[in-house]
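Structure file work-v8.csv (CSV, C-alpha atoms (C1' of nucleotides)) follows.
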chain,number,residue,atom,x,y,z
Z,1,MET,CA,5.5,9.2,27.1
Z,2,ARG,CA,8.5,8.1,25.1
Z,3,LYS,CA,8.2,7.0,21.5
Z,4,GLN,CA,9.3,3.5,22.3
Z,5,GLU,CA,6.8,3.1,25.1
Z,6,ARG,CA,4.0,4.5,22.9
Z,7,ALA,CA,5.0,2.1,20.1
Z,8,SER,CA,4.8,-0.9,22.4
Z,9,GLU,CA,1.4,0.2,23.7
Z,10,ILE,CA,0.1,0.7,20.2
Z,11,TYR,CA,1.2,-2.8,19.2
Z,12,LYS,CA,-0.3,-4.2,22.4
Z,13,ARG,CA,-3.7,-2.6,22.0
Z,14,LEU,CA,-4.1,-3.2,18.3
Z,15,SER,CA,-3.1,-6.8,18.5
Z,16,GLN,CA,-6.0,-7.2,20.9
Z,17,ARG,CA,-8.3,-5.5,18.4
Z,18,TYR,CA,-7.0,-7.5,15.4
Z,19,PRO,CA,-6.2,-11.0,16.7
Z,20,ALA,CA,-5.6,-12.6,13.2
Z,21,PRO,CA,-5.1,-9.8,10.7
Z,22,GLU,CA,-5.0,-10.8,7.0
Z,23,PRO,CA,-4.5,-8.5,4.0
Z,24,ALA,CA,-7.7,-7.0,2.6
Z,25,LEU,CA,-6.3,-7.8,-0.8
Z,26,THR,CA,-7.5,-11.2,-2.1
Z,27,TRP,CA,-4.7,-13.5,-3.3
Z,28,SER,CA,-3.7,-17.2,-3.3
Z,29,THR,CA,-0.1,-17.2,-4.6
Z,30,PRO,CA,3.0,-14.9,-4.2
Z,31,TRP,CA,2.5,-13.8,-7.8
Z,32,GLU,CA,-1.1,-12.9,-7.2
Z,33,LEU,CA,-0.2,-10.9,-4.1
Z,34,LEU,CA,2.5,-9.1,-6.0
Z,35,VAL,CA,0.1,-8.2,-8.8
Z,36,ALA,CA,-2.6,-7.1,-6.4
Z,37,THR,CA,-0.2,-5.0,-4.4
Z,38,ALA,CA,1.2,-3.4,-7.5
Z,39,LEU,CA,-2.3,-2.5,-8.6
Z,40,SER,CA,-3.2,-1.0,-5.2
Z,41,ALA,CA,-1.1,2.2,-5.8
Z,42,GLN,CA,-3.4,5.2,-5.2
Z,43,CYS,CA,-6.5,2.9,-5.4
Z,44,THR,CA,-8.7,1.3,-2.8
Z,45,ASP,CA,-8.2,-2.4,-2.2
Z,46,GLU,CA,-11.9,-2.9,-2.8
Z,47,ARG,CA,-11.4,-1.8,-6.4
Z,48,VAL,CA,-8.3,-4.0,-6.7
Z,49,ASN,CA,-10.4,-7.0,-5.6
Z,50,MET,CA,-12.8,-6.4,-8.4
Z,51,VAL,CA,-10.1,-6.4,-11.0
Z,52,THR,CA,-7.8,-9.3,-9.9
Z,53,PRO,CA,-10.3,-12.1,-10.3
Z,54,VAL,CA,-10.7,-11.0,-13.9
Z,55,PHE,CA,-7.0,-10.7,-14.4
Z,56,PHE,CA,-6.2,-14.2,-13.0
Z,57,GLU,CA,-9.0,-15.9,-14.9
Z,58,LYS,CA,-7.6,-14.4,-18.1
Z,59,TRP,CA,-3.9,-15.0,-17.2
Z,60,PRO,CA,-3.7,-17.7,-14.5
Z,61,ASP,CA,0.1,-18.1,-14.4
Z,62,ILE,CA,3.1,-15.9,-14.5
Z,63,GLN,CA,3.9,-17.2,-18.0
Z,64,ASP,CA,0.4,-16.2,-19.2
Z,65,ALA,CA,1.0,-12.7,-18.0
Z,66,ALA,CA,4.4,-12.6,-19.6
Z,67,GLU,CA,2.9,-13.3,-23.0
Z,68,ALA,CA,-0.2,-11.2,-22.6
Z,69,ASP,CA,-1.1,-8.3,-24.9
Z,70,ILE,CA,-0.3,-5.0,-23.2
Z,71,SER,CA,-3.5,-3.3,-24.4
Z,72,GLU,CA,-5.5,-6.2,-23.0
Z,73,ILE,CA,-3.9,-5.9,-19.6
Z,74,GLU,CA,-4.5,-2.1,-19.7
Z,75,ALA,CA,-8.2,-2.7,-20.4
Z,76,VAL,CA,-8.5,-5.1,-17.4
Z,77,VAL,CA,-6.6,-2.9,-14.9
Z,78,ARG,CA,-7.9,0.4,-16.2
Z,79,SER,CA,-10.3,1.2,-13.3
Z,80,THR,CA,-7.4,1.0,-10.8
Z,81,GLY,CA,-5.8,4.1,-12.3
Z,82,PHE,CA,-2.2,4.6,-13.6
Z,83,PHE,CA,-3.3,1.8,-15.8
Z,84,ARG,CA,-0.6,2.2,-18.5
Z,85,ASN,CA,2.3,2.1,-16.0
Z,86,LYS,CA,0.7,-0.8,-14.1
Z,87,ALA,CA,0.1,-2.9,-17.2
Z,88,LYS,CA,3.6,-2.4,-18.5
Z,89,ASN,CA,5.2,-3.1,-15.1
Z,90,ILE,CA,3.2,-6.2,-14.4
Z,91,ARG,CA,4.0,-7.8,-17.8
Z,92,ALA,CA,7.7,-6.8,-17.5
Z,93,ALA,CA,7.8,-8.3,-14.0
Z,94,ALA,CA,6.3,-11.5,-15.3
Z,95,ASN,CA,8.9,-11.7,-18.0
Z,96,ARG,CA,11.8,-11.1,-15.6
Z,97,ILE,CA,10.5,-13.7,-13.2
Z,98,MET,CA,10.2,-16.3,-15.9
Z,99,THR,CA,13.5,-15.7,-17.5
Z,100,GLU,CA,15.7,-14.7,-14.5
Z,101,TYR,CA,14.0,-16.3,-11.5
Z,102,ASN,CA,13.0,-19.6,-12.9
Z,103,GLY,CA,9.3,-18.7,-12.7
Z,104,GLU,CA,9.4,-18.1,-9.0
Z,105,VAL,CA,8.7,-14.8,-7.3
Z,106,PRO,CA,12.0,-13.8,-5.6
Z,107,LYS,CA,12.2,-13.9,-1.9
Z,108,SER,CA,14.4,-10.9,-1.0
Z,109,MET,CA,14.0,-7.2,-0.9
Z,110,ALA,CA,17.1,-6.7,-3.1
Z,111,GLU,CA,15.7,-8.8,-5.9
Z,112,LEU,CA,12.1,-7.7,-5.6
Z,113,ILE,CA,12.8,-4.0,-5.9
Z,114,THR,CA,14.7,-4.5,-9.2
Z,115,LEU,CA,11.3,-5.3,-10.7
Z,116,GLY,CA,9.7,-2.2,-12.3
Z,117,GLY,CA,6.8,-0.8,-10.3
Z,118,VAL,CA,8.0,-2.6,-7.2
Z,119,ALA,CA,9.6,-0.5,-4.4
Z,120,ARG,CA,10.1,-1.2,-0.7
Z,121,LYS,CA,6.4,-0.9,0.2
Z,122,THR,CA,5.2,-3.5,-2.3
Z,123,ALA,CA,8.2,-5.7,-1.7
Z,124,SER,CA,7.6,-5.7,2.1
Z,125,ILE,CA,4.0,-6.7,1.7
Z,126,VAL,CA,4.9,-9.6,-0.5
Z,127,LEU,CA,7.8,-10.8,1.7
Z,128,SER,CA,5.9,-10.7,5.0
Z,129,ASN,CA,2.5,-12.0,3.8
Z,130,ALA,CA,3.5,-14.5,1.1
Z,131,PHE,CA,6.8,-15.7,2.6
Z,132,GLY,CA,6.8,-14.8,6.3
Z,133,ILE,CA,10.0,-12.7,5.8
Z,134,ASN,CA,10.3,-9.4,7.5
Z,135,GLU,CA,12.9,-7.3,5.7
Z,136,GLY,CA,11.2,-4.0,6.1
Z,137,ILE,CA,8.0,-2.3,7.3
Z,138,ALA,CA,5.6,-1.4,4.5
Z,139,VAL,CA,4.9,2.3,4.7
Z,140,ASP,CA,1.8,3.1,2.7
Z,141,THR,CA,-0.6,6.1,3.0
Z,142,HIS,CA,-2.2,4.7,6.2
Z,143,VAL,CA,1.1,3.8,8.0
Z,144,LYS,CA,2.5,7.2,7.0
Z,145,ARG,CA,-0.5,9.1,8.4
Z,146,LEU,CA,-0.9,7.1,11.6
Z,147,ALA,CA,2.9,7.1,12.4
Z,148,PHE,CA,2.9,10.8,12.1
Z,149,ARG,CA,-0.3,11.4,14.1
Z,150,MET,CA,0.8,9.0,16.8
Z,151,GLY,CA,4.1,10.8,17.1
Z,152,LEU,CA,6.3,7.9,16.0
Z,153,THR,CA,7.9,10.0,13.3
Z,154,GLN,CA,8.2,13.6,12.2
Z,155,LYS,CA,9.3,12.7,8.7
Z,156,THR,CA,7.2,12.7,5.5
Z,157,ASP,CA,9.4,10.6,3.2
Z,158,PRO,CA,8.2,6.9,3.4
Z,159,ILE,CA,11.8,5.6,3.4
Z,160,GLN,CA,12.7,7.9,6.4
Z,161,ILE,CA,9.5,6.9,8.2
Z,162,GLU,CA,10.4,3.3,7.8
Z,163,LYS,CA,13.8,3.9,9.3
Z,164,ASP,CA,12.1,5.6,12.3
Z,165,LEU,CA,9.7,2.8,12.8
Z,166,MET,CA,12.0,-0.2,12.5
Z,167,PRO,CA,13.8,0.3,15.8
Z,168,LEU,CA,10.5,0.8,17.6
Z,169,PHE,CA,9.1,-2.7,16.9
Z,170,PRO,CA,10.7,-6.1,17.1
Z,171,ARG,CA,11.3,-7.5,13.7
Z,172,GLU,CA,8.8,-10.3,14.1
Z,173,GLN,CA,6.1,-7.6,14.5
Z,174,TRP,CA,6.9,-5.7,11.3
Z,175,GLY,CA,4.3,-7.5,9.2
Z,176,GLU,CA,1.7,-7.2,11.9
Z,177,ILE,CA,2.2,-3.5,12.7
Z,178,ASN,CA,1.6,-2.7,9.0
Z,179,HIS,CA,-1.7,-4.5,9.1
Z,180,PHE,CA,-2.7,-2.9,12.4
Z,181,LEU,CA,-2.0,0.6,11.3
Z,182,VAL,CA,-3.7,0.1,7.9
Z,183,PHE,CA,-6.9,-1.4,9.4
Z,184,TYR,CA,-7.0,1.1,12.3
Z,185,GLY,CA,-6.4,3.9,9.9
Z,186,ARG,CA,-9.3,2.9,7.8
Z,187,GLN,CA,-11.7,2.2,10.6
Z,188,VAL,CA,-10.9,4.9,13.2
Z,189,CYS,CA,-8.3,7.3,12.0
Z,190,PRO,CA,-8.9,8.1,8.3
Z,191,ALA,CA,-7.3,11.1,6.5
Z,192,ARG,CA,-10.4,13.3,6.5
Z,193,LYS,CA,-12.4,12.8,9.7
Z,194,PRO,CA,-10.6,10.9,12.4
Z,195,LYS,CA,-12.9,9.6,15.0
Z,196,CYS,CA,-10.9,10.8,18.0
Z,197,ASP,CA,-13.9,10.5,20.4
Z,198,GLU,CA,-14.1,6.7,19.8
Z,199,CYS,CA,-10.4,6.1,19.5
Z,200,GLU,CA,-8.9,3.5,21.9
Z,201,LEU,CA,-5.5,5.1,21.4
Z,202,ASN,CA,-6.8,8.5,22.3
Z,203,ASP,CA,-5.0,8.7,25.7
Z,204,ILE,CA,-1.5,8.1,24.2
Z,205,CYS,CA,-2.0,10.1,21.0
Z,206,PRO,CA,-0.2,13.4,20.9
Z,207,LYS,CA,-2.5,14.6,18.1
Z,208,LYS,CA,-5.8,13.9,19.9
Z,209,GLY,CA,-8.4,16.5,19.1
Z,210,VAL,CA,-6.3,17.9,16.3
Z,211,LYS,CA,-7.1,17.0,12.8
D,1,DC,C1',9.6,18.2,-7.8
D,2,DT,C1',6.4,16.3,-11.5
D,3,DC,C1',3.9,12.8,-13.8
D,4,DC,C1',1.1,8.8,-14.0
D,5,DC,C1',-4.8,8.3,-13.5
D,6,DG,C1',-9.8,6.1,-12.4
D,7,DA,C1',-13.4,5.9,-8.8
D,8,DT,C1',-15.6,7.5,-4.9
D,9,DA,C1',-16.5,10.5,-0.8
D,10,DT,C1',-17.0,15.1,0.8
J,1,DA,C1',-14.5,21.3,-7.3
J,2,DT,C1',-11.3,18.9,-4.4
J,3,DA,C1',-9.3,15.2,-1.6
J,4,DT,C1',-8.1,10.6,-1.0
J,5,DC,C1',-7.3,5.8,-2.0
J,6,DA,C1',-2.4,-0.4,0.7
J,7,DG,C1',2.9,4.1,-4.8
J,8,DG,C1',6.6,4.3,-8.0
J,9,DA,C1',9.7,6.4,-11.4
J,10,DG,C1',12.1,10.1,-14.0
Written as structure tokens, how would this file's structure read?
Amino acid sequence: MRKQERASEIYKRLSQRYPAPEPALTWSTPWELLVATALSAQCTDERVNMVTPVFFEKWPDIQDAAEADISEIEAVVRSTGFFRNKAKNIRAAANRIMTEYNGEVPKSMAELITLGGVARKTASIVLSNAFGINEGIAVDTHVKRLAFRMGLTQKTDPIQIEKDLMPLFPREQWGEINHFLVFYGRQVCPARKPKCDECELNDICPKKGVK
DNA sequence: CTCCCGATAT
DNA sequence: ATATCAGGAG
């Protein structure tokens, strides 16, 4: 089976399984989604969802975050790991958004990735979920693993994987395919013990039976 | 390539 | 003890 055909079949089956996918991260504004996604690096979204309510109660607006004390932010985000980098990046991003973007989270890939701690993955999540803009496909640990196992890429670099994936899915599916692969990766095809015996993609998976 | 880094599962 | 979790920067 060709890659293109396999990709279409994956989209078809997973869109049946996940009729109305929403991010597992909890958020209510573009800024909240940006912060939550920035915090999610090498951390479970479950953990992030414990931290963000505390964060946004303490600093509700972008301006509040821009003025916050770094050590206080560090204390709040500590349990998500990489807490010094994350705290510094979030406050710096809040400052830039206030001073250079009129207090509004920018709506393009080019602008978003100029913010420290924000690269294509985080930018794609914010663009597709908060603004409905598909400029890229967010390649996180789940998309990377699933794309490789399903034979949609042979690459290991997320940027290269994204380039392999983009032509395989219509642009309007880019946000969805991210959700599908993330959820399916968590539920059926995790890194350690993939449940190949109960996988509904088993028949089109080149890695079936292989770890 | 290395470093940043805590929480949890195995 | 080690691997993994919605990564990013130097």
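The list of residues within 9 Å of (-17.4, 15.2, 4.2), counted using only C-alpha atoms (C1' of nucleotides), is Arg192 and Lys193 of chain Z; DA9 and DT10 of chain D.
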May I have the residues within 12 Å of DC5 of chain J as a list in words, using only C-alpha atoms (C1' of nucleotides) and disregarding those fewer than 2 positions away in the same chain?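 Listed by chain and then number, they are Leu39, Ser40, Ala41, Gln42, Cys43, Thr44, Asp45, Glu46, Arg47, Val48, Thr80, Gly81, Asp140, Thr141, His142, Val182, Arg186, Pro190, Ala191 and Arg192 of chain Z; DG6, DA7, DT8 and DA9 of chain D; DA3 and DG7 of chain J.
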What separation in Å, quoted to one decimal, exists between atom CA of Ala119 of chain Z and atom CA of Val105 of chain Z?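 Distance between the two atoms: 14.6 Å.
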Between atom CA of Met166 of chain Z and atom CA of Pro206 of chain Z, measure the distance and give it in Å to one decimal. 20.1 Å
Would you compute the distance between atom CA of Val143 of chain Z and atom CA of Met50 of chain Z? Give it in Å to one decimal.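 Separation between atom CA of Val143 of chain Z and atom CA of Met50 of chain Z: 23.8 Å.
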Would you pick out the contacts of Ala36 of chain Z at 9 Å or less, using only C-alpha atoms (C1' of nucleotides), so that residues sharing its chain but fewer than 5 positions from it are not included, and give the list as JSON, numbers by chain? {"Z": [25, 26, 27, 31, 45, 48, 49, 51, 52]}
Contacts of Glu74 of chain Z at 9 Å (only C-alpha atoms (C1' of nucleotides); same-chain gap of 5+ positions) as a ChimeraX atom specification: /Z:69,83-88
Take the selection from the previous step and output its residues with C-alpha atoms, as a PDB file, in the coordinates of the input.
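File written: part.pdb
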ATOM      1  CA  ASP Z  69      -1.100  -8.300 -24.900  1.00  0.00           C
ATOM      2  CA  PHE Z  83      -3.300   1.800 -15.800  1.00  0.00           C
ATOM      3  CA  ARG Z  84      -0.600   2.200 -18.500  1.00  0.00           C
ATOM      4  CA  ASN Z  85       2.300   2.100 -16.000  1.00  0.00           C
ATOM      5  CA  LYS Z  86       0.700  -0.800 -14.100  1.00  0.00           C
ATOM      6  CA  ALA Z  87       0.100  -2.900 -17.200  1.00  0.00           C
ATOM      7  CA  LYS Z  88       3.600  -2.400 -18.500  1.00  0.00           C
TER       8      LYS Z  88
END
Excluding Thr114 of chain Z and its own-chain neighbours fewer than 6 positions away, which residues fall within 12 Å of it when counting only C-alpha atoms (C1' of nucleotides)? Please give them as a PyMOL selection string. chain Z and resi 89+92-93+96-97+100+106+108+120+122-123
Incomplete segment 196-207 of chain Z filled out to all heavy atoms as a PDB file, keeping the file's coordinate frame:
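This is the output file rebuild-v1.pdb:
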ATOM      1  N   CYS Z 196     -11.708  10.683  16.776  1.00  0.00           N
ATOM      2  CA  CYS Z 196     -10.900  10.800  18.000  1.00  0.00           C
ATOM      3  C   CYS Z 196     -11.773  10.425  19.243  1.00  0.00           C
ATOM      4  O   CYS Z 196     -11.267   9.915  20.246  1.00  0.00           O
ATOM      5  CB  CYS Z 196     -10.315  12.146  18.169  1.00  0.00           C
ATOM      6  SG  CYS Z 196      -9.176  12.575  16.830  1.00  0.00           S
ATOM      7  N   ASP Z 197     -13.075  10.691  19.182  1.00  0.00           N
ATOM      8  CA  ASP Z 197     -13.900  10.500  20.400  1.00  0.00           C
ATOM      9  C   ASP Z 197     -14.148   8.983  20.628  1.00  0.00           C
ATOM     10  O   ASP Z 197     -14.451   8.597  21.743  1.00  0.00           O
ATOM     11  CB  ASP Z 197     -15.279  11.177  20.167  1.00  0.00           C
ATOM     12  CG  ASP Z 197     -15.929  10.841  18.836  1.00  0.00           C
ATOM     13  OD1 ASP Z 197     -15.191  10.474  17.896  1.00  0.00           O
ATOM     14  OD2 ASP Z 197     -17.165  10.937  18.738  1.00  0.00           O
ATOM     15  N   GLU Z 198     -13.983   8.150  19.605  1.00  0.00           N
ATOM     16  CA  GLU Z 198     -14.100   6.700  19.800  1.00  0.00           C
ATOM     17  C   GLU Z 198     -12.825   5.949  19.634  1.00  0.00           C
ATOM     18  O   GLU Z 198     -12.820   4.751  19.405  1.00  0.00           O
ATOM     19  CB  GLU Z 198     -15.221   6.137  18.902  1.00  0.00           C
ATOM     20  CG  GLU Z 198     -14.953   6.363  17.440  1.00  0.00           C
ATOM     21  CD  GLU Z 198     -16.105   5.853  16.560  1.00  0.00           C
ATOM     22  OE1 GLU Z 198     -17.142   6.569  16.457  1.00  0.00           O
ATOM     23  OE2 GLU Z 198     -15.961   4.759  16.015  1.00  0.00           O
ATOM     24  N   CYS Z 199     -11.708   6.678  19.727  1.00  0.00           N
ATOM     25  CA  CYS Z 199     -10.400   6.100  19.500  1.00  0.00           C
ATOM     26  C   CYS Z 199      -9.830   5.467  20.772  1.00  0.00           C
ATOM     27  O   CYS Z 199      -9.715   6.150  21.782  1.00  0.00           O
ATOM     28  CB  CYS Z 199      -9.425   7.084  18.932  1.00  0.00           C
ATOM     29  SG  CYS Z 199      -7.755   6.435  18.710  1.00  0.00           S
ATOM     30  N   GLU Z 200      -9.452   4.181  20.696  1.00  0.00           N
ATOM     31  CA  GLU Z 200      -8.900   3.500  21.900  1.00  0.00           C
ATOM     32  C   GLU Z 200      -7.433   3.810  22.110  1.00  0.00           C
ATOM     33  O   GLU Z 200      -6.810   3.270  23.014  1.00  0.00           O
ATOM     34  CB  GLU Z 200      -9.174   2.007  21.822  1.00  0.00           C
ATOM     35  CG  GLU Z 200      -8.622   1.331  20.594  1.00  0.00           C
ATOM     36  CD  GLU Z 200      -9.246  -0.054  20.395  1.00  0.00           C
ATOM     37  OE1 GLU Z 200     -10.381  -0.137  19.874  1.00  0.00           O
ATOM     38  OE2 GLU Z 200      -8.593  -1.028  20.754  1.00  0.00           O
ATOM     39  N   LEU Z 201      -6.860   4.651  21.239  1.00  0.00           N
ATOM     40  CA  LEU Z 201      -5.500   5.100  21.400  1.00  0.00           C
ATOM     41  C   LEU Z 201      -5.431   6.560  21.856  1.00  0.00           C
ATOM     42  O   LEU Z 201      -4.373   7.166  21.960  1.00  0.00           O
ATOM     43  CB  LEU Z 201      -4.671   4.902  20.138  1.00  0.00           C
ATOM     44  CG  LEU Z 201      -4.596   3.485  19.574  1.00  0.00           C
ATOM     45  CD1 LEU Z 201      -3.875   3.478  18.227  1.00  0.00           C
ATOM     46  CD2 LEU Z 201      -3.885   2.554  20.550  1.00  0.00           C
ATOM     47  N   ASN Z 202      -6.614   7.105  22.051  1.00  0.00           N
ATOM     48  CA  ASN Z 202      -6.800   8.500  22.300  1.00  0.00           C
ATOM     49  C   ASN Z 202      -5.826   9.035  23.432  1.00  0.00           C
ATOM     50  O   ASN Z 202      -5.188  10.067  23.310  1.00  0.00           O
ATOM     51  CB  ASN Z 202      -8.214   8.826  22.682  1.00  0.00           C
ATOM     52  CG  ASN Z 202      -8.561  10.288  22.471  1.00  0.00           C
ATOM     53  OD1 ASN Z 202      -7.858  11.153  22.986  1.00  0.00           O
ATOM     54  ND2 ASN Z 202      -9.599  10.563  21.712  1.00  0.00           N
ATOM     55  N   ASP Z 203      -5.745   8.252  24.511  1.00  0.00           N
ATOM     56  CA  ASP Z 203      -5.000   8.700  25.700  1.00  0.00           C
ATOM     57  C   ASP Z 203      -3.475   8.745  25.454  1.00  0.00           C
ATOM     58  O   ASP Z 203      -2.751   9.401  26.192  1.00  0.00           O
ATOM     59  CB  ASP Z 203      -5.292   7.821  26.888  1.00  0.00           C
ATOM     60  CG  ASP Z 203      -4.931   6.368  26.626  1.00  0.00           C
ATOM     61  OD1 ASP Z 203      -5.370   5.819  25.603  1.00  0.00           O
ATOM     62  OD2 ASP Z 203      -4.187   5.788  27.441  1.00  0.00           O
ATOM     63  N   ILE Z 204      -2.995   8.031  24.421  1.00  0.00           N
ATOM     64  CA  ILE Z 204      -1.500   8.100  24.200  1.00  0.00           C
ATOM     65  C   ILE Z 204      -1.239   8.761  22.845  1.00  0.00           C
ATOM     66  O   ILE Z 204      -0.122   8.680  22.346  1.00  0.00           O
ATOM     67  CB  ILE Z 204      -0.938   6.647  24.155  1.00  0.00           C
ATOM     68  CG1 ILE Z 204      -1.627   5.777  23.106  1.00  0.00           C
ATOM     69  CG2 ILE Z 204      -1.025   6.010  25.526  1.00  0.00           C
ATOM     70  CD1 ILE Z 204      -0.917   4.439  22.889  1.00  0.00           C
ATOM     71  N   CYS Z 205      -2.229   9.450  22.276  1.00  0.00           N
ATOM     72  CA  CYS Z 205      -2.000  10.100  21.000  1.00  0.00           C
ATOM     73  C   CYS Z 205      -1.719  11.575  21.152  1.00  0.00           C
ATOM     74  O   CYS Z 205      -2.544  12.323  21.674  1.00  0.00           O
ATOM     75  CB  CYS Z 205      -3.273   9.942  20.098  1.00  0.00           C
ATOM     76  SG  CYS Z 205      -3.085  10.708  18.482  1.00  0.00           S
ATOM     77  N   PRO Z 206      -0.540  12.012  20.714  1.00  0.00           N
ATOM     78  CA  PRO Z 206      -0.200  13.400  20.900  1.00  0.00           C
ATOM     79  C   PRO Z 206      -1.045  14.350  20.019  1.00  0.00           C
ATOM     80  O   PRO Z 206      -1.086  15.548  20.252  1.00  0.00           O
ATOM     81  CB  PRO Z 206       1.281  13.472  20.414  1.00  0.00           C
ATOM     82  CG  PRO Z 206       1.479  12.253  19.587  1.00  0.00           C
ATOM     83  CD  PRO Z 206       0.522  11.224  20.106  1.00  0.00           C
ATOM     84  N   LYS Z 207      -1.745  13.774  19.023  1.00  0.00           N
ATOM     85  CA  LYS Z 207      -2.500  14.600  18.100  1.00  0.00           C
ATOM     86  C   LYS Z 207      -4.026  14.597  18.469  1.00  0.00           C
ATOM     87  O   LYS Z 207      -4.849  15.096  17.702  1.00  0.00           O
ATOM     88  CB  LYS Z 207      -2.398  14.085  16.673  1.00  0.00           C
ATOM     89  CG  LYS Z 207      -1.048  14.347  16.082  1.00  0.00           C
ATOM     90  CD  LYS Z 207      -0.930  15.792  15.652  1.00  0.00           C
ATOM     91  CE  LYS Z 207       0.420  16.004  14.985  1.00  0.00           C
ATOM     92  NZ  LYS Z 207       0.632  17.419  14.699  1.00  0.00           N
TER      93      LYS Z 207
END
